[in-house]
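For reference, the structure is listed below as C-alpha cells.
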Amino acid sequence: MENFALSRRRLLATGAAASGLALAACGPNARSGPDAEADGGASLRMTWWGGETRREITDAVVAEYAEVTPEVTITTEPAEFSAYWDKLATQTAAQDAPDIIQMEEAYLAEYAERGALLDLSTTALDTSGFTEGLAEAGTLSDLGQMGIRGGSNAPVVLVNPGIFETAGIELPDDTTWTWSEYLTVAEEITAASVDVYGTGQYVLNPVVFRLWLRQQGQALWTDGEIGFDVAAATGFFEFAQTMLDSPAGPDAALTQEDYAGGLEQSFFATGRQAMTVAWSNQSVAYTTALGSEVQLLRLPSADGSAGDHQMWLKPGLFWSVAASSSAPDAAVAFLDYFLNDPAAGRILGVERGVPPNTEVREAVKAELEGTELATVEFVEAVTGEVGADPELAPRGGSVFESELSRIGESFMFGQIDAAAAAQSLVDELGAAIA
C-alpha cells in the first residue's frame, strides 16, 4: 500500500494548483445559468472556515473531483471562523450565498428558518452507508434535512502522558472516575510538578457546561426553548468555584490569558497543563503543537459510571446547500462524493471529525497512525455509550458560547456569585431566543 503521508502530500500539491486554476477561471460571484445543469455542467462555489491544513485537503478533494467530473467547476472560498459568519450573512441577504456551505450547528436553525438552505431529504444525497443514527443530525422539524453531518467528534479529556510520567502519577481509569476524582488527580499533578497545572478552569468551557447539564438530566435546548433551570446552572458554577479555589488549575487572570491565546499558545499545547477538555478532532492539532502524542480519555461522570457520562457524538460540522443555488443537483452530487467516496476520505482524514460513512471510515483508519488513529478508535469505543444527540440551537441560540464566556469571566473574577451567574445566563439566553 502506498505511504499515506506521501500520497497526501502529492494530492495537496495537486489540490492547490487546481484551486488556483478554478479561482482564475471563475470569479467569486460566478453563477450557473438557469439551465446550467441541463447538459451536466455547472459552476459551483464552496465555502468553509478553518486553517491551512483544512484548506489544503479540501482543495485536494476538489481537484480530484475535477478529474472525474470535469464538466463541474468548483470555486473555493475558505475563511477564518469569525469573519466567515459576517461574510456568509451578507452573501445570504444578497441572495448570493455559495452553493455548498460548511455550517455550524449553532447557526443551522437560523439559516434554515430564513429559507436559505435546501432540504436535502428531497435530493439524491446518499446516506445509506452512514453508521446508524448519524444521518438524522441536521434535521429540523417542519423544515427537513437542512444539513448533513460532515464528521463525528466526541467530547474528550486530552492528557499529556509525559507530565503524568514525570510527576509519578498513574493515568486514571476513565471508565469509573468522577468529577471529584478528576479534581484530585489534577491537584496531585500540580503538587508534584514545577510550573505545570493539572487542569485548566472550565467555567468558560461550553463543552463541560453542556455535559454537566446532561448529567443532571437536563439540556441546553429542549423543544426550541432553554432546556435547563437556574438550579442546574448554579450547580455548574458552584463546581467551577471549587476548581477556582483549588491549586489544580491557573487563577482567573492566567485562565483569561490561556483562553485568549488560542489553541497553539494554550497551556496544554505548550506543555504547562496535564489535562484539558476539548473535541476529539482537536487531538491532532494539540499533538502537533506539543510535538508529542496525547491520550484521549472519557469525561468524568457524576456517579463514576462510563455509561452515565452522557457524552454525545457531535457533528464536527454540517454541509448544507444554498436554497438559492442554481445548480443544486451538481452541489449535492459533489457532497455525495465528498462524504461517501473512499478516495476523498483518504485525503480528508479525520480533520473534520471521524467520517460518518463506514466504508470511508475503514479506508481512512487503515492508513492512520498515532493520534489520528487513536482519535478514530476513541470515537468508535464510546459510540455505544453516548447519549442522544443534543437538540439544535433555536434561532438566536448561537449566542450561547459568547454569553457563557462573558458571564463566566464576571463570575471568575468574583464580580457575581454562582446563583447570579446562573440567573444571568438563563435570562440572557431567554432574551436571545425570544
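Residue names in the C-alpha cells use chain letters A, B, ... in the order shown, residue numbers from 1 in each chain, and ligand numbers from 1 in the order shown.
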Mind checking which residues fall within 8 Å of segment 138-148 of chain A, counting only C-alpha atoms, ignoring those fewer than 5 positions away in the same chain, and posting them as a PDB file with C-alpha atoms, in the first residue's frame?
ATOM      1  CA  MET A 103     -22.411  25.044   8.586  1.00  0.00           C
ATOM      2  CA  GLU A 105     -24.816  23.562  14.493  1.00  0.00           C
ATOM      3  CA  LEU A 108     -28.114  25.892  11.277  1.00  0.00           C
ATOM      4  CA  ALA A 109     -31.619  26.746  12.500  1.00  0.00           C
ATOM      5  CA  ALA A 112     -32.851  27.273   7.791  1.00  0.00           C
ATOM      6  CA  GLU A 113     -35.646  29.431   9.176  1.00  0.00           C
ATOM      7  CA  LEU A 117     -30.942  26.219   2.916  1.00  0.00           C
ATOM      8  CA  LEU A 118     -32.103  23.390   0.682  1.00  0.00           C
ATOM      9  CA  ASP A 119     -33.974  20.438   2.220  1.00  0.00           C
ATOM     10  CA  LEU A 120     -31.517  17.633   1.478  1.00  0.00           C
ATOM     11  CA  SER A 121     -34.165  14.976   2.088  1.00  0.00           C
ATOM     12  CA  PHE A 318     -22.704  20.205   8.741  1.00  0.00           C
ATOM     13  CA  TRP A 319     -22.700  20.574   4.990  1.00  0.00           C
ATOM     14  CA  SER A 320     -25.621  22.482   3.512  1.00  0.00           C
ATOM     15  CA  VAL A 321     -26.673  23.527   0.025  1.00  0.00           C
ATOM     16  CA  LEU A 392     -30.009  22.010  17.652  1.00  0.00           C
TER      17      LEU A 392
END
Practice problem: Using DSSP on the backbone coordinates, identify all residues within segment 162-402 of chain A classified as alpha helix (DSSP H); present the result as a VMD selection string. | Solution: chain A and resid 162 to 167 179 to 191 206 to 215 230 to 245 252 to 260 283 to 290 328 to 340 342 to 348 358 to 365 370 to 382 400 to 402
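Among the candidate residues A:Ala331, A:Leu213, A:Ile416, A:Ala97, the one lying nearest to Tyr65 of chain A is A:Ala331, with distances computed using only C-alpha atoms.
Considering only C-alpha atoms, the residue among A:Gln201, A:Thr287, A:Ser193, A:Gln295 positioned nearest to Ala240 of chain A is A:Gln201.
Residues lying within 8 Å of Val207 of chain A, counting only C-alpha atoms and ignoring same-chain neighbours fewer than 5 positions away, are Pro155, Val277 and Ala278 of chain A.
Minimum atom-to-atom distances from A:Gly387, A:Gly217, A:Pro328, A:Gly414 to Ser43 of chain A were compared using only C-alpha atoms, and the lowest value belongs to A:Pro328.
One distance worth recording is that between atom CA of Glu362 of chain A and atom CA of Val68 of chain A, which is 22.7 Å.
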Quiz prompt | Interatomic distance (Å, one decimal) between atom CA of Thr58 of chain A and atom CA of Ala366 of chain A | solution = 20.3 Å
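Residues in contact with Ile169 of chain A at 10 Å, where only C-alpha atoms are counted and same-chain residues fewer than 2 positions away are skipped, are listed as A:Pro161, A:Ile163, A:Phe164, A:Glu165, A:Thr166, A:Ala167, A:Leu171, A:Pro172, A:Val185, A:Glu188, A:Ile189, A:Ala192.
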Please produce a file of those selected residues containing all heavy atoms, as a PDB file, in the first residue's frame.
ATOM      1  N   PRO A 161       0.606  12.486  28.541  1.00  0.00           N
ATOM      2  CA  PRO A 161       1.147  11.371  29.345  1.00  0.00           C
ATOM      3  C   PRO A 161       2.519  11.675  29.935  1.00  0.00           C
ATOM      4  O   PRO A 161       2.866  11.156  31.009  1.00  0.00           O
ATOM      5  CB  PRO A 161       1.221  10.216  28.344  1.00  0.00           C
ATOM      6  CG  PRO A 161       0.326  10.603  27.221  1.00  0.00           C
ATOM      7  CD  PRO A 161       0.385  12.093  27.154  1.00  0.00           C
ATOM      8  N   ILE A 163       3.612  14.415  31.276  1.00  0.00           N
ATOM      9  CA  ILE A 163       3.505  15.125  32.550  1.00  0.00           C
ATOM     10  C   ILE A 163       3.149  14.153  33.669  1.00  0.00           C
ATOM     11  O   ILE A 163       3.705  14.219  34.776  1.00  0.00           O
ATOM     12  CB  ILE A 163       2.466  16.253  32.450  1.00  0.00           C
ATOM     13  CG1 ILE A 163       2.963  17.342  31.492  1.00  0.00           C
ATOM     14  CG2 ILE A 163       2.165  16.847  33.817  1.00  0.00           C
ATOM     15  CD1 ILE A 163       1.977  18.482  31.285  1.00  0.00           C
ATOM     16  N   PHE A 164       2.237  13.236  33.383  1.00  0.00           N
ATOM     17  CA  PHE A 164       1.884  12.232  34.379  1.00  0.00           C
ATOM     18  C   PHE A 164       3.105  11.390  34.755  1.00  0.00           C
ATOM     19  O   PHE A 164       3.356  11.112  35.932  1.00  0.00           O
ATOM     20  CB  PHE A 164       0.766  11.328  33.840  1.00  0.00           C
ATOM     21  CG  PHE A 164      -0.620  11.854  34.081  1.00  0.00           C
ATOM     22  CD1 PHE A 164      -1.151  12.838  33.262  1.00  0.00           C
ATOM     23  CD2 PHE A 164      -1.397  11.368  35.118  1.00  0.00           C
ATOM     24  CE1 PHE A 164      -2.416  13.328  33.466  1.00  0.00           C
ATOM     25  CE2 PHE A 164      -2.671  11.853  35.342  1.00  0.00           C
ATOM     26  CZ  PHE A 164      -3.197  12.840  34.513  1.00  0.00           C
ATOM     27  N   GLU A 165       3.866  10.995  33.747  1.00  0.00           N
ATOM     28  CA  GLU A 165       5.041  10.154  33.994  1.00  0.00           C
ATOM     29  C   GLU A 165       6.073  10.892  34.837  1.00  0.00           C
ATOM     30  O   GLU A 165       6.626  10.334  35.803  1.00  0.00           O
ATOM     31  CB  GLU A 165       5.651   9.722  32.666  1.00  0.00           C
ATOM     32  CG  GLU A 165       6.834   8.771  32.804  1.00  0.00           C
ATOM     33  CD  GLU A 165       7.362   8.299  31.460  1.00  0.00           C
ATOM     34  OE1 GLU A 165       6.745   8.616  30.425  1.00  0.00           O
ATOM     35  OE2 GLU A 165       8.400   7.614  31.457  1.00  0.00           O
ATOM     36  N   THR A 166       6.322  12.141  34.497  1.00  0.00           N
ATOM     37  CA  THR A 166       7.296  12.937  35.255  1.00  0.00           C
ATOM     38  C   THR A 166       6.849  13.131  36.699  1.00  0.00           C
ATOM     39  O   THR A 166       7.667  13.113  37.633  1.00  0.00           O
ATOM     40  CB  THR A 166       7.498  14.309  34.574  1.00  0.00           C
ATOM     41  OG1 THR A 166       7.984  14.115  33.250  1.00  0.00           O
ATOM     42  CG2 THR A 166       8.487  15.161  35.359  1.00  0.00           C
ATOM     43  N   ALA A 167       5.542  13.311  36.886  1.00  0.00           N
ATOM     44  CA  ALA A 167       5.004  13.514  38.233  1.00  0.00           C
ATOM     45  C   ALA A 167       4.890  12.214  39.016  1.00  0.00           C
ATOM     46  O   ALA A 167       4.623  12.231  40.229  1.00  0.00           O
ATOM     47  CB  ALA A 167       3.638  14.191  38.141  1.00  0.00           C
ATOM     48  N   LEU A 171      -2.135   7.197  35.115  1.00  0.00           N
ATOM     49  CA  LEU A 171      -3.307   7.715  34.415  1.00  0.00           C
ATOM     50  C   LEU A 171      -4.570   7.154  35.057  1.00  0.00           C
ATOM     51  O   LEU A 171      -4.610   5.985  35.462  1.00  0.00           O
ATOM     52  CB  LEU A 171      -3.257   7.313  32.939  1.00  0.00           C
ATOM     53  CG  LEU A 171      -2.183   7.999  32.086  1.00  0.00           C
ATOM     54  CD1 LEU A 171      -2.151   7.375  30.692  1.00  0.00           C
ATOM     55  CD2 LEU A 171      -2.443   9.490  31.980  1.00  0.00           C
ATOM     56  N   PRO A 172      -5.623   7.957  35.157  1.00  0.00           N
ATOM     57  CA  PRO A 172      -6.858   7.498  35.806  1.00  0.00           C
ATOM     58  C   PRO A 172      -7.623   6.505  34.946  1.00  0.00           C
ATOM     59  O   PRO A 172      -7.410   6.426  33.731  1.00  0.00           O
ATOM     60  CB  PRO A 172      -7.656   8.798  35.973  1.00  0.00           C
ATOM     61  CG  PRO A 172      -7.156   9.687  34.886  1.00  0.00           C
ATOM     62  CD  PRO A 172      -5.698   9.364  34.731  1.00  0.00           C
ATOM     63  N   VAL A 185      -6.892  14.231  41.044  1.00  0.00           N
ATOM     64  CA  VAL A 185      -5.751  13.901  40.185  1.00  0.00           C
ATOM     65  C   VAL A 185      -5.050  15.186  39.726  1.00  0.00           C
ATOM     66  O   VAL A 185      -3.812  15.271  39.723  1.00  0.00           O
ATOM     67  CB  VAL A 185      -6.202  13.073  38.968  1.00  0.00           C
ATOM     68  CG1 VAL A 185      -5.068  12.941  37.942  1.00  0.00           C
ATOM     69  CG2 VAL A 185      -6.671  11.692  39.397  1.00  0.00           C
ATOM     70  N   GLU A 188      -2.949  16.618  42.453  1.00  0.00           N
ATOM     71  CA  GLU A 188      -1.731  15.821  42.647  1.00  0.00           C
ATOM     72  C   GLU A 188      -0.680  16.171  41.596  1.00  0.00           C
ATOM     73  O   GLU A 188       0.519  16.251  41.907  1.00  0.00           O
ATOM     74  CB  GLU A 188      -2.063  14.333  42.599  1.00  0.00           C
ATOM     75  CG  GLU A 188      -2.888  13.844  43.780  1.00  0.00           C
ATOM     76  CD  GLU A 188      -3.347  12.400  43.619  1.00  0.00           C
ATOM     77  OE1 GLU A 188      -3.169  11.843  42.493  1.00  0.00           O
ATOM     78  OE2 GLU A 188      -3.880  11.831  44.580  1.00  0.00           O
ATOM     79  N   ILE A 189      -1.120  16.377  40.359  1.00  0.00           N
ATOM     80  CA  ILE A 189      -0.197  16.765  39.284  1.00  0.00           C
ATOM     81  C   ILE A 189       0.445  18.110  39.606  1.00  0.00           C
ATOM     82  O   ILE A 189       1.669  18.284  39.495  1.00  0.00           O
ATOM     83  CB  ILE A 189      -0.937  16.840  37.930  1.00  0.00           C
ATOM     84  CG1 ILE A 189      -1.316  15.447  37.428  1.00  0.00           C
ATOM     85  CG2 ILE A 189      -0.089  17.573  36.891  1.00  0.00           C
ATOM     86  CD1 ILE A 189      -0.167  14.620  36.917  1.00  0.00           C
ATOM     87  N   ALA A 192       3.029  17.888  42.355  1.00  0.00           N
ATOM     88  CA  ALA A 192       4.236  17.126  42.029  1.00  0.00           C
ATOM     89  C   ALA A 192       5.031  17.733  40.879  1.00  0.00           C
ATOM     90  O   ALA A 192       6.031  17.147  40.446  1.00  0.00           O
ATOM     91  CB  ALA A 192       3.854  15.687  41.675  1.00  0.00           C
TER      92      ALA A 192
END
